[in-house]
$ cat target18.txt   # compact mmCIF, C-alpha atoms
# COMPACT_ATOMS: atom_id res chain seq x y z
CA MET R 1 21.31 24.62 -5.12
CA LYS R 2 17.96 23.03 -5.86
CA THR R 3 17.05 19.39 -6.46
CA ALA R 4 14.05 18.42 -8.58
CA ILE R 5 12.38 15.16 -7.51
CA ILE R 6 10.45 13.84 -10.49
CA ASP R 7 6.78 13.23 -9.72
CA TYR R 8 5.18 10.55 -11.85
CA GLY R 9 3.15 8.95 -9.06
CA ALA R 10 5.92 6.86 -7.47
CA GLY R 11 5.20 5.98 -3.87
CA ASN R 12 8.47 6.95 -2.25
CA LEU R 13 8.64 10.56 -3.43
CA PHE R 14 8.13 11.97 0.02
CA SER R 15 10.66 9.69 1.70
CA VAL R 16 13.24 11.13 -0.67
CA LYS R 17 12.03 14.67 0.01
CA ASN R 18 12.08 14.05 3.78
CA ALA R 19 15.69 12.89 3.57
CA LEU R 20 16.72 15.95 1.55
CA ASP R 21 14.89 18.25 3.99
CA TYR R 22 16.67 16.54 6.87
CA ILE R 23 20.13 17.17 5.41
CA GLY R 24 19.15 20.77 4.67
CA ALA R 25 18.93 20.52 0.88
CA GLU R 26 16.32 22.53 -0.99
CA SER R 27 14.12 20.35 -3.18
CA ILE R 28 10.93 20.44 -5.18
CA VAL R 29 8.61 17.61 -6.20
CA THR R 30 7.64 18.35 -9.79
CA LYS R 31 6.42 17.17 -13.17
CA ASP R 32 7.21 20.47 -14.89
CA PRO R 33 10.02 20.32 -17.53
CA ALA R 34 10.96 23.93 -16.75
CA GLU R 35 11.68 22.94 -13.13
CA LEU R 36 14.08 20.26 -14.34
CA GLU R 37 15.89 22.90 -16.31
CA ASN R 38 16.01 25.28 -13.32
CA ALA R 39 17.22 22.60 -10.91
CA ASP R 40 20.87 21.82 -10.19
CA ARG R 41 20.21 18.16 -9.41
CA ILE R 42 17.52 15.69 -10.50
CA ILE R 43 16.29 12.62 -8.63
CA LEU R 44 14.18 9.93 -10.27
CA PRO R 45 12.56 7.85 -7.51
CA GLY R 46 10.66 4.64 -8.09
CA VAL R 47 8.75 1.80 -6.50
CA GLY R 48 6.62 -0.72 -8.36
CA ALA R 49 6.77 -2.42 -11.74
CA PHE R 50 8.89 -1.23 -14.69
CA PRO R 51 6.26 -1.09 -17.49
CA ASP R 52 3.75 0.87 -15.37
CA ALA R 53 6.43 3.27 -14.19
CA MET R 54 7.77 3.96 -17.74
CA LYS R 55 4.20 4.50 -18.92
CA ALA R 56 3.48 6.90 -16.05
CA LEU R 57 6.74 8.74 -16.73
CA ALA R 58 5.92 8.98 -20.44
CA GLU R 59 2.50 10.42 -19.58
CA THR R 60 4.14 13.30 -17.72
CA GLY R 61 5.84 14.24 -21.01
CA LEU R 62 9.10 14.58 -19.09
CA ILE R 63 11.20 11.96 -20.88
CA PRO R 64 12.77 14.32 -23.48
CA ALA R 65 13.54 16.84 -20.72
CA ILE R 66 15.13 14.17 -18.51
CA LYS R 67 17.33 12.97 -21.36
CA GLU R 68 18.36 16.52 -22.21
CA GLN R 69 19.07 17.56 -18.59
CA ALA R 70 20.90 14.33 -17.74
CA ALA R 71 23.76 15.48 -19.97
CA LYS R 72 24.00 18.81 -18.14
CA LYS R 73 23.61 18.05 -14.42
CA PRO R 74 23.81 15.14 -11.99
CA LEU R 75 20.81 12.80 -12.09
CA LEU R 76 20.21 10.08 -9.50
CA GLY R 77 17.82 7.18 -10.07
CA ILE R 78 16.71 5.26 -6.99
CA CYS R 79 15.58 1.61 -6.99
CA LEU R 80 13.13 1.30 -9.91
CA GLY R 81 14.30 4.81 -10.87
CA MET R 82 17.80 3.35 -11.28
CA GLN R 83 16.49 0.49 -13.39
CA MET R 84 14.72 2.99 -15.65
CA LEU R 85 18.10 4.55 -16.52
CA PHE R 86 19.05 1.43 -18.51
CA ASP R 87 18.21 0.50 -22.11
CA LYS R 88 15.45 -1.95 -21.38
CA SER R 89 13.83 -4.21 -18.79
CA PHE R 90 12.37 -7.69 -19.04
CA GLU R 91 9.88 -7.26 -16.18
CA PHE R 92 6.45 -8.36 -17.51
CA GLY R 93 7.63 -8.47 -21.12
CA GLU R 94 10.16 -6.16 -22.71
CA THR R 95 10.00 -2.40 -22.08
CA ASP R 96 12.40 0.32 -23.21
CA GLY R 97 14.03 2.41 -20.49
CA LEU R 98 15.64 5.83 -20.72
CA GLY R 99 18.84 4.46 -22.26
CA LEU R 100 21.14 6.68 -20.16
CA ILE R 101 23.33 3.80 -18.96
CA PRO R 102 24.08 0.82 -21.25
CA GLY R 103 22.58 -2.41 -19.98
CA THR R 104 19.39 -4.29 -19.26
CA VAL R 105 17.25 -5.15 -16.24
CA GLU R 106 16.48 -8.80 -15.57
CA LEU R 107 14.92 -11.01 -12.89
CA MET R 108 17.40 -12.16 -10.26
CA THR R 109 17.65 -15.94 -9.93
CA PRO R 110 19.85 -16.62 -6.92
CA PRO R 111 19.79 -20.28 -5.95
CA ASP R 112 18.37 -20.87 -2.44
CA LEU R 113 17.71 -17.20 -1.73
CA LEU R 114 14.42 -15.41 -1.34
CA ILE R 115 13.04 -13.12 -4.05
CA PRO R 116 12.53 -10.22 -3.60
CA GLN R 117 15.70 -9.35 -1.77
CA ILE R 118 14.34 -7.36 1.19
CA GLY R 119 16.71 -6.10 3.82
CA TRP R 120 20.15 -4.78 4.63
CA ASN R 121 23.03 -5.96 2.48
CA ARG R 122 26.61 -4.76 1.99
CA LEU R 123 28.14 -2.61 -0.71
CA ILE R 124 31.24 -4.13 -2.29
CA TYR R 125 33.18 -1.34 -4.00
CA ASN R 126 34.12 -1.71 -7.66
CA GLU R 127 34.91 1.37 -9.81
CA LYS R 128 35.75 4.50 -7.84
CA CYS R 129 32.75 6.85 -7.70
CA ALA R 130 32.33 10.12 -5.79
CA LEU R 131 28.80 9.08 -4.77
CA LEU R 132 30.29 6.59 -2.32
CA ASP R 133 33.00 8.87 -0.86
CA GLY R 134 33.55 8.77 2.89
CA LEU R 135 31.71 5.51 3.59
CA CYS R 136 33.12 2.70 5.71
CA GLU R 137 34.35 -0.60 4.28
CA GLU R 138 31.39 -2.65 2.97
CA PRO R 139 28.59 -0.56 4.53
CA TYR R 140 25.08 -1.95 4.82
CA VAL R 141 22.28 -0.37 2.78
CA TYR R 142 18.58 -1.22 2.43
CA PHE R 143 17.36 -3.15 -0.62
CA VAL R 144 13.88 -4.07 -1.85
CA HIS R 145 13.94 -5.58 -5.35
CA SER R 146 13.39 -8.64 -7.50
CA TYR R 147 14.98 -7.38 -10.72
CA ALA R 148 18.57 -6.23 -11.14
CA ALA R 149 20.73 -4.46 -13.72
CA LYS R 150 22.99 -6.35 -16.08
CA CYS R 151 25.72 -4.00 -17.23
CA GLY R 152 29.43 -3.63 -17.79
CA SER R 153 31.72 -3.55 -14.75
CA ARG R 154 33.00 -0.10 -15.74
CA ASN R 155 29.53 1.33 -14.94
CA VAL R 156 29.38 -0.29 -11.51
CA ALA R 157 30.54 1.69 -8.46
CA ALA R 158 29.53 -1.08 -6.07
CA TYR R 159 28.01 -4.52 -6.16
CA THR R 160 26.13 -6.37 -3.48
CA ASP R 161 26.33 -10.11 -3.00
CA TYR R 162 22.99 -11.82 -3.40
CA GLY R 163 23.77 -15.23 -4.80
CA GLY R 164 26.45 -13.51 -6.90
CA ASN R 165 27.39 -9.95 -7.79
CA VAL R 166 24.38 -7.68 -8.22
CA PRO R 167 24.97 -4.05 -9.35
CA ALA R 168 24.02 -1.88 -6.36
CA CYS R 169 25.39 1.50 -7.43
CA VAL R 170 25.93 2.45 -11.07
CA PHE R 171 27.07 5.51 -13.02
CA GLU R 172 27.76 6.83 -16.50
CA GLY R 173 28.96 10.43 -16.87
CA SER R 174 26.71 12.57 -14.67
CA VAL R 175 24.03 9.88 -14.41
CA TYR R 176 23.99 7.84 -11.17
CA GLY R 177 21.78 5.07 -9.88
CA CYS R 178 21.25 3.20 -6.60
CA GLN R 179 19.42 -0.12 -6.57
CA PHE R 180 19.05 0.30 -2.80
CA HIS R 181 17.14 3.08 -1.05
CA PRO R 182 19.58 5.73 0.26
CA GLU R 183 16.59 7.48 1.86
CA LYS R 184 16.00 4.34 3.97
CA SER R 185 19.63 3.37 4.59
CA GLY R 186 20.29 5.30 7.79
CA GLU R 187 23.43 7.45 8.06
CA THR R 188 25.10 5.65 5.14
CA GLY R 189 22.22 6.62 2.88
CA LEU R 190 22.23 10.24 4.05
CA THR R 191 25.99 10.41 3.30
CA ILE R 192 25.32 9.15 -0.23
CA LEU R 193 22.65 11.83 -0.71
CA ARG R 194 25.06 14.50 0.62
CA ASN R 195 27.70 13.20 -1.82
CA PHE R 196 25.20 13.49 -4.67
CA LEU R 197 24.51 17.11 -3.76
CA ALA R 198 28.26 17.81 -3.57
CA LEU R 199 29.09 16.37 -7.02
CA MET D 1 24.34 -11.91 2.51
CA LEU D 2 21.45 -10.14 4.20
CA ALA D 3 21.94 -8.98 7.75
CA LYS D 4 19.58 -10.32 10.41
CA ARG D 5 17.29 -7.46 11.39
CA ILE D 6 16.49 -6.23 14.89
CA ILE D 7 13.10 -4.51 14.97
CA PRO D 8 11.75 -2.57 17.95
CA CYS D 9 7.97 -2.34 18.03
CA LEU D 10 6.12 0.61 19.54
CA ASP D 11 2.54 0.02 20.61
CA VAL D 12 0.71 3.30 20.17
CA ARG D 13 -2.66 4.41 21.50
CA ASN D 14 -4.01 7.89 20.78
CA GLY D 15 -0.55 9.04 19.78
CA LYS D 16 1.22 7.71 22.90
CA VAL D 17 3.43 4.67 23.33
CA VAL D 18 1.97 1.89 25.45
CA LYS D 19 2.91 -1.69 26.12
CA GLY D 20 0.59 -4.47 27.11
CA VAL D 21 1.81 -7.52 29.00
CA ASN D 22 0.16 -10.55 27.44
CA PHE D 23 -2.16 -8.02 25.76
CA GLU D 24 -3.50 -6.88 29.16
CA GLY D 25 -2.69 -4.20 31.74
CA ILE D 26 -1.64 -1.41 29.44
CA ARG D 27 0.66 1.35 30.66
CA ASP D 28 0.94 4.70 28.95
CA VAL D 29 4.40 6.18 28.44
CA GLY D 30 6.29 8.12 25.86
CA ASP D 31 6.16 10.03 22.64
CA PRO D 32 6.33 7.60 19.71
CA VAL D 33 8.28 9.96 17.46
CA GLU D 34 10.98 10.43 20.11
CA CYS D 35 11.06 6.70 20.84
CA ALA D 36 11.47 5.91 17.14
CA PHE D 37 14.29 8.45 16.84
CA GLU D 38 16.03 6.91 19.85
CA TYR D 39 15.72 3.39 18.38
CA ASN D 40 17.09 4.70 15.10
CA LYS D 41 20.14 6.03 16.97
CA GLN D 42 20.58 2.67 18.68
CA GLY D 43 20.79 0.99 15.26
CA ALA D 44 17.28 -0.38 14.72
CA ASP D 45 17.01 -1.91 11.24
CA GLU D 46 13.34 -1.11 10.97
CA ILE D 47 10.73 0.35 13.30
CA VAL D 48 7.19 -0.91 13.77
CA PHE D 49 4.30 1.19 15.03
CA TYR D 50 1.40 -0.87 16.20
CA ASP D 51 -1.75 1.23 16.52
CA ILE D 52 -4.07 -0.14 19.18
CA THR D 53 -6.48 2.79 18.89
CA ALA D 54 -9.94 1.64 17.94
CA SER D 55 -11.47 4.99 17.00
CA HIS D 56 -11.51 6.79 13.69
CA GLU D 57 -9.99 9.92 15.28
CA GLY D 58 -7.15 7.80 16.60
CA ARG D 59 -6.27 6.75 13.05
CA GLY D 60 -5.60 10.34 12.08
CA VAL D 61 -3.35 10.80 15.13
CA MET D 62 -1.44 7.67 14.13
CA LEU D 63 -0.88 8.95 10.60
CA ASP D 64 0.49 12.19 12.10
CA VAL D 65 2.93 10.12 14.16
CA VAL D 66 4.06 8.33 11.00
CA ARG D 67 4.43 11.62 9.09
CA GLU D 68 6.52 13.20 11.85
CA THR D 69 8.68 10.11 12.27
CA ALA D 70 9.34 9.85 8.54
CA LYS D 71 10.86 13.33 8.66
CA LYS D 72 13.67 12.30 11.00
CA VAL D 73 14.07 8.53 10.87
CA PHE D 74 15.60 7.07 7.72
CA VAL D 75 15.12 3.35 8.12
CA PRO D 76 12.04 1.43 6.98
CA LEU D 77 8.86 2.12 8.96
CA CYS D 78 6.09 -0.43 9.29
CA VAL D 79 2.63 0.41 10.60
CA GLY D 80 0.03 -2.07 11.81
CA GLY D 81 -3.28 -2.03 13.65
CA GLY D 82 -6.73 -1.08 12.47
CA ILE D 83 -5.95 -1.37 8.78
CA GLY D 84 -8.86 -2.95 6.97
CA SER D 85 -8.95 -1.71 3.39
CA VAL D 86 -6.86 -0.81 0.37
CA GLU D 87 -7.60 2.86 1.18
CA ASP D 88 -6.12 2.39 4.67
CA PHE D 89 -3.01 0.90 3.04
CA ARG D 90 -2.78 3.89 0.71
CA ASP D 91 -3.21 6.48 3.49
CA THR D 92 -0.60 4.76 5.65
CA LEU D 93 1.97 4.44 2.87
CA ARG D 94 1.36 8.06 1.83
CA ALA D 95 1.99 9.21 5.39
CA GLY D 96 5.49 7.75 5.05
CA ALA D 97 5.22 4.09 6.04
CA ASP D 98 7.23 1.66 3.91
CA LYS D 99 5.28 -1.39 4.99
CA VAL D 100 1.81 -2.06 6.35
CA SER D 101 1.04 -4.92 8.69
CA ILE D 102 -2.38 -6.56 8.92
CA ASN D 103 -3.47 -9.36 11.23
CA SER D 104 -7.16 -9.93 12.11
CA GLN D 105 -8.35 -8.19 8.96
CA ALA D 106 -6.28 -10.56 6.83
CA VAL D 107 -7.98 -13.54 8.44
CA LYS D 108 -11.45 -12.01 8.07
CA ASN D 109 -10.81 -10.84 4.50
CA PRO D 110 -7.85 -12.67 2.89
CA LYS D 111 -8.52 -10.91 -0.42
CA LEU D 112 -7.11 -7.75 1.17
CA ILE D 113 -3.67 -9.43 1.06
CA SER D 114 -3.81 -10.05 -2.69
CA ASP D 115 -5.42 -6.69 -3.45
CA ALA D 116 -2.79 -4.76 -1.50
CA ALA D 117 0.09 -6.81 -2.93
CA GLU D 118 -1.12 -6.19 -6.46
CA ILE D 119 -1.56 -2.45 -6.02
CA PHE D 120 1.35 -1.55 -3.73
CA GLY D 121 3.72 -4.50 -4.20
CA SER D 122 4.41 -7.52 -2.01
CA GLN D 123 7.29 -5.76 -0.30
CA CYS D 124 4.95 -3.56 1.72
CA VAL D 125 2.45 -6.23 2.79
CA VAL D 126 3.36 -7.77 6.15
CA ILE D 127 1.02 -10.30 7.73
CA GLY D 128 1.03 -10.45 11.51
CA ILE D 129 -0.05 -13.74 13.03
CA ASP D 130 -0.90 -14.58 16.63
CA ALA D 131 -0.72 -18.35 17.05
CA LYS D 132 -0.92 -20.85 19.87
CA ARG D 133 -0.42 -24.58 20.34
CA ASN D 134 -3.66 -26.56 20.18
CA SER D 135 -4.75 -29.85 21.72
CA LYS D 136 -4.23 -31.68 18.41
CA GLY D 137 -0.48 -31.12 18.47
CA GLY D 138 -0.62 -28.33 15.90
CA TYR D 139 -0.99 -24.58 16.01
CA SER D 140 -4.12 -22.43 15.74
CA VAL D 141 -4.43 -18.86 14.52
CA PHE D 142 -6.06 -16.32 16.85
CA ILE D 143 -7.37 -12.85 16.08
CA ASN D 144 -8.45 -9.73 17.98
CA GLY D 145 -5.22 -9.40 19.92
CA GLY D 146 -4.96 -13.11 20.64
CA ARG D 147 -8.44 -13.40 22.15
CA MET D 148 -10.39 -15.26 19.47
CA ASP D 149 -9.56 -18.72 18.12
CA MET D 150 -10.50 -18.83 14.45
CA GLY D 151 -10.16 -22.60 14.16
CA LEU D 152 -7.63 -21.87 11.43
CA ASP D 153 -4.58 -24.09 11.10
CA LEU D 154 -1.30 -22.14 11.12
CA GLY D 155 0.25 -24.27 8.37
CA ASP D 156 -2.71 -23.71 6.03
CA TRP D 157 -2.81 -20.03 6.83
CA VAL D 158 0.86 -19.26 6.11
CA ARG D 159 0.65 -21.06 2.76
CA GLU D 160 -2.41 -19.03 1.80
CA ILE D 161 -0.68 -15.82 2.87
CA GLU D 162 2.30 -16.59 0.65
CA GLU D 163 0.14 -17.55 -2.33
CA ARG D 164 -1.76 -14.29 -2.02
CA GLY D 165 1.46 -12.33 -2.38
CA ALA D 166 2.36 -11.23 1.13
CA GLY D 167 5.93 -10.01 1.44
CA GLU D 168 6.67 -11.02 5.02
CA ILE D 169 5.19 -12.79 8.03
CA CYS D 170 5.53 -11.49 11.56
CA LEU D 171 4.90 -14.52 13.77
CA ASN D 172 3.90 -13.87 17.37
CA SER D 173 3.64 -16.89 19.61
CA ILE D 174 0.91 -16.42 22.21
CA ASP D 175 2.53 -19.29 24.13
CA THR D 176 5.79 -17.41 24.66
CA ASP D 177 4.62 -13.78 24.47
CA GLY D 178 5.29 -11.97 27.72
CA THR D 179 7.14 -14.93 29.27
CA LYS D 180 10.67 -13.59 28.61
CA ALA D 181 11.73 -17.23 28.27
CA GLY D 182 12.85 -16.93 24.66
CA PHE D 183 11.31 -16.89 21.19
CA ASP D 184 9.18 -19.86 20.12
CA THR D 185 11.80 -21.53 17.92
CA GLU D 186 9.60 -24.58 17.39
CA MET D 187 6.71 -22.56 16.00
CA LEU D 188 9.12 -20.44 13.92
CA ASN D 189 10.66 -23.52 12.31
CA PHE D 190 7.18 -24.88 11.64
CA VAL D 191 6.36 -21.71 9.66
CA CYS D 192 9.79 -21.17 8.03
CA SER D 193 9.72 -24.70 6.61
CA ARG D 194 6.38 -23.99 4.92
CA VAL D 195 7.01 -20.65 3.21
CA LYS D 196 9.75 -18.92 1.24
CA ILE D 197 8.97 -15.38 2.36
CA PRO D 198 10.89 -13.80 5.26
CA VAL D 199 9.61 -14.54 8.77
CA ILE D 200 10.01 -12.13 11.70
CA ALA D 201 10.18 -13.70 15.16
CA SER D 202 8.02 -12.06 17.82
CA GLY D 203 7.05 -12.80 21.41
CA GLY D 204 9.04 -14.13 24.30
CA CYS D 205 12.48 -12.55 24.26
CA GLY D 206 13.86 -11.49 27.63
CA LYS D 207 17.63 -11.64 27.36
CA LEU D 208 20.53 -11.33 24.91
CA THR D 209 20.94 -15.04 24.28
CA ASP D 210 17.29 -15.30 23.18
CA PHE D 211 18.31 -13.33 20.10
CA SER D 212 21.33 -15.46 19.21
CA GLU D 213 19.28 -18.58 19.90
CA VAL D 214 16.51 -17.62 17.48
CA PHE D 215 19.01 -16.99 14.66
CA ASP D 216 21.05 -20.10 15.47
CA LYS D 217 18.07 -22.42 15.66
CA THR D 218 15.71 -20.99 13.01
CA PRO D 219 16.01 -19.33 9.58
CA ALA D 220 14.04 -16.26 10.83
CA SER D 221 15.09 -13.08 9.01
CA ALA D 222 14.44 -10.71 11.88
CA ALA D 223 13.54 -10.50 15.55
CA LEU D 224 11.00 -8.08 16.96
CA ALA D 225 10.64 -6.89 20.54
CA ALA D 226 8.60 -4.21 22.27
CA SER D 227 8.77 -3.98 26.08
CA LEU D 228 12.36 -5.21 26.29
CA PHE D 229 13.53 -2.17 24.36
CA HIS D 230 10.84 0.15 25.60
CA PHE D 231 11.72 -0.35 29.26
CA ARG D 232 15.42 -0.20 28.35
CA GLU D 233 16.19 -3.62 29.74
CA LEU D 234 18.29 -3.97 26.60
CA THR D 235 19.23 -1.60 23.80
CA VAL D 236 19.18 -2.48 20.12
CA GLY D 237 22.93 -1.80 20.13
CA GLU D 238 23.58 -4.33 22.90
CA VAL D 239 21.59 -6.99 21.04
CA LYS D 240 23.52 -6.37 17.82
CA GLN D 241 26.87 -6.38 19.61
CA HIS D 242 25.96 -9.72 21.17
CA LEU D 243 24.91 -11.18 17.79
CA LYS D 244 28.14 -9.98 16.23
CA THR D 245 30.25 -11.76 18.84
CA ARG D 246 28.27 -14.90 18.03
CA GLY D 247 29.18 -14.57 14.35
CA ILE D 248 25.68 -13.54 13.20
CA ALA D 249 25.66 -10.89 10.44
CA VAL D 250 24.04 -7.67 11.60
CA ARG D 251 24.19 -4.11 10.31
CA SER D 252 26.52 -2.01 12.41
$ encode --input "target18.txt" --output "structure tokens"
Amino acid sequence: MKTAIIDYGAGNLFSVKNALDYIGAESIVTKDPAELENADRIILPGVGAFPDAMKALAETGLIPAIKEQAAKKPLLGICLGMQMLFDKSFEFGETDGLGLIPGTVELMTPPDLLIPQIGWNRLIYNEKCALLDGLCEEPYVYFVHSYAAKCGSRNVAAYTDYGGNVPACVFEGSVYGCQFHPEKSGETGLTILRNFLAL
Amino acid sequence: MLAKRIIPCLDVRNGKVVKGVNFEGIRDVGDPVECAFEYNKQGADEIVFYDITASHEGRGVMLDVVRETAKKVFVPLCVGGGIGSVEDFRDTLRAGADKVSINSQAVKNPKLISDAAEIFGSQCVVIGIDAKRNSKGGYSVFINGGRMDMGLDLGDWVREIEERGAGEICLNSIDTDGTKAGFDTEMLNFVCSRVKIPVIASGGCGKLTDFSEVFDKTPASAALAASLFHFRELTVGEVKQHLKTRGIAVRS
């Protein structure tokens, strides 16, 4: 079992790798399409702005390989990596995403709350999803984001409440996404990563 | 709703944990990686390393501490002390920090705030402030570990920080620091009413009720403490249990 962590210059690559090392999962940080094919799991990390990240990802030449492999094995997008799974984002203009989960990414506008949302908030379960197996009722996870997905409820495994329901964990077939950072969410986050490896 | 965060701070010199009392009389105890791991077990929502090493060699030791900690602690890590350039930000984030805190350097070179926010994102730029009541009935900003009055008004400074794209403010009251008489709720409210970014309360806590008081009386997002946790007078778990009984949302 090997997990490929996609390297397109995102800042939190090594946090994700550290977490996988800690739970004893073999992983490789890579921008080689052949490694994506060899891997059993793929993680798309992300921190920063959507247009820059999509551009950087395009420059690796990995986009066709990601789309092809996403149909064959579990793929997990984290934070901006989750947002990139959707059709498009409206951060600094309009930018196409990977189109692996139907929906868009838009600026959150909660009345009377701070943007970005930075801190620990609760997961509110929606559609049953194996990624969230074995967690307690409404566990806290760590969020850092200003933009959020807009998608159908059937693709949402859990929401979080930030001036209304915000998709926190999404899925479509073998493609999964977490708006929060499982690699920074303590034991809850490590359980989610173990669940991903066990899919 | 976001949980209120409890943040233990580890003062580190040459790779060892220290704690100054009112910035003076430093003692030298403990391995920072082990301390961070212990705080993580206690339920810390974030861990701050404050590097008080002045030398260049010390910086490398600090980055090693961050790298080792990031391998076994999976909550956000913030590193402050001695960071004066975009390159320092980059090195620290690459070592595994999620946030970088600057204090004196931000006052001396405010452009560093905007540069770092633009390159790495506001979420990782934390501005530490040491402030003190002045004779004019306001608050003044001090630098160099609370030793030098910059003649800078706290209200003006926090607005500039926010405009430049800082993600958070960590407000240390020199008036209450080391007193164990409670956080400076007055100064916190003064700052919270002027900015929309999260404010972390620092300086003055000595007992459980100081934590419930700061969240009851101010909109602070988090409370930070060093010696209280370091000398095990209280654990992070005890503080959170206390807050929970007072109906304050904390991560359990």
$ closest_atom_pairs --input "target18.txt" --of "chain D" --to "chain R" --cutoff "7 Å" --atoms "only C-alpha atoms" --output "Markdown table"
| residue | atom | partner | partner_atom | distance |
| --- | --- | --- | --- | --- |
| D:Met1 | CA | R:Tyr162 | CA | 6.1 |
| D:Leu2 | CA | R:Asn121 | CA | 4.8 |
| D:Ala3 | CA | R:Trp120 | CA | 5.5 |
| D:Ala70 | CA | R:Asn18 | CA | 6.9 |
| D:Lys71 | CA | R:Asn18 | CA | 5.1 |
| D:Lys72 | CA | R:Tyr22 | CA | 6.6 |
| D:Phe74 | CA | R:Lys184 | CA | 4.7 |
| D:Val75 | CA | R:Lys184 | CA | 4.4 |
| D:Pro76 | CA | R:Lys184 | CA | 5.8 |
| D:Gly96 | CA | R:Ser15 | CA | 6.5 |
| D:Gly121 | CA | R:Gly48 | CA | 6.3 |
| D:Gln123 | CA | R:Val144 | CA | 7.0 |
| D:Lys196 | CA | R:Leu114 | CA | 6.4 |
| D:Ile197 | CA | R:Leu114 | CA | 6.6 |
| D:Arg251 | CA | R:Tyr140 | CA | 6.0 |
$ closest_residue --input "target18.txt" --among "D:Leu208, D:Val158, D:Leu10, D:Ile200" --to "D:Lys240" --atoms "only C-alpha atoms"
D:Leu208
$ atom_distance --input "target18.txt" --atom1 "atom CA of D:Ile161" --atom2 "atom CA of D:Cys124"
13.5 Å
$ closest_residue --input "target18.txt" --among "R:Pro51, R:Thr95, R:Ala4, R:Pro74" --to "R:Ala34" --atoms "only C-alpha atoms"
R:Ala4
$ atom_distance --input "target18.txt" --atom1 "atom CA of D:Val214" --atom2 "atom CA of D:Tyr139"
18.9 Å
$ closest_residue --input "target18.txt" --among "D:Ser114, D:Ser104, D:Asn109, D:Ser140" --to "D:Gly167" --atoms "all atoms listed in the file"
D:Ser114
$ atom_distance --input "target18.txt" --atom1 "atom CA of R:Cys79" --atom2 "atom CA of R:Thr30"
18.7 Å
$ closest_residue --input "target18.txt" --among "R:Leu44, R:Ile6, R:Val175, R:Leu107" --to "R:Cys129" --atoms "all atoms listed in the file"
R:Val175
$ closest_residue --input "target18.txt" --among "R:Ile5, R:Ala39, R:Val29, R:Ala148" --to "R:Thr109" --atoms "all atoms listed in the file"
R:Ala148
$ residues_around --input "target18.txt" --residues "D:Gly138" --least-positions-apart "3" --cutoff "9 Å" --atoms "only C-alpha atoms" --output "PyMOL selection string"
chain D and resi 132-135+153-155
$ residues_around --input "target18.txt" --residues "D:Val100" --least-positions-apart "3" --cutoff "12 Å" --atoms "only C-alpha atoms" --output "VMD selection string"
chain D and resid 47 to 51 66 76 to 97 103 106 112 to 113 116 to 117 120 to 128 166 to 170
$ residues_around --input "target18.txt" --residues "stretch 167-170 of chain R" --least-positions-apart "3" --cutoff "9 Å" --atoms "all atoms listed in the file" --output "PyMOL selection string"
chain R and resi 82+101+123-125+129+131-132+143+148-151+153-161+175-180
$ residues_around --input "target18.txt" --residues "D:Ala36" --least-positions-apart "3" --cutoff "8 Å" --atoms "all atoms listed in the file" --output "mmCIF file with C-alpha atoms, in the coordinates of the input"
data_model
loop_
_atom_site.group_PDB
_atom_site.id
_atom_site.type_symbol
_atom_site.label_atom_id
_atom_site.label_comp_id
_atom_site.auth_asym_id
_atom_site.auth_seq_id
_atom_site.Cartn_x
_atom_site.Cartn_y
_atom_site.Cartn_z
ATOM 1 C CA LEU D 10 6.120 0.610 19.540
ATOM 2 C CA PRO D 32 6.330 7.600 19.710
ATOM 3 C CA VAL D 33 8.280 9.960 17.460
ATOM 4 C CA TYR D 39 15.720 3.390 18.380
ATOM 5 C CA ASN D 40 17.090 4.700 15.100
ATOM 6 C CA ILE D 47 10.730 0.350 13.300
ATOM 7 C CA THR D 69 8.680 10.110 12.270
ATOM 8 C CA VAL D 73 14.070 8.530 10.870
#
$ closest_residue --input "target18.txt" --among "D:Ser221, D:Thr209, D:Ser227, D:Thr235" --to "D:Lys4" --atoms "all atoms listed in the file"
D:Ser221
$ decode --input "target18.txt" --residues "stretch 163-168 of chain D" --atoms "N, CA, C and O atoms" --output "CSV table (one decimal), in the first residue's frame"
chain,number,residue,atom,x,y,z
D,163,GLU,N,-4.8,46.0,8.3
D,163,GLU,CA,-4.8,46.5,7.0
D,163,GLU,C,-3.7,45.8,6.1
D,163,GLU,O,-3.9,45.6,4.9
D,164,ARG,N,-2.6,45.5,6.8
D,164,ARG,CA,-1.5,44.9,6.1
D,164,ARG,C,-1.7,43.4,5.9
D,164,ARG,O,-0.8,42.8,5.2
D,165,GLY,N,-2.7,42.9,6.4
D,165,GLY,CA,-3.1,41.5,6.1
D,165,GLY,C,-2.7,40.4,7.1
D,165,GLY,O,-2.6,39.2,6.8
D,166,ALA,N,-2.4,40.9,8.3
D,166,ALA,CA,-2.1,39.9,9.4
D,166,ALA,C,-3.3,39.0,9.6
D,166,ALA,O,-4.4,39.4,9.5
D,167,GLY,N,-3.0,37.8,10.0
D,167,GLY,CA,-4.1,36.8,10.2
D,167,GLY,C,-4.6,36.8,11.7
D,167,GLY,O,-5.8,36.5,11.9
D,168,GLU,N,-3.7,37.1,12.6
D,168,GLU,CA,-4.1,37.1,14.0
D,168,GLU,C,-3.2,38.0,14.8
D,168,GLU,O,-2.1,38.3,14.4
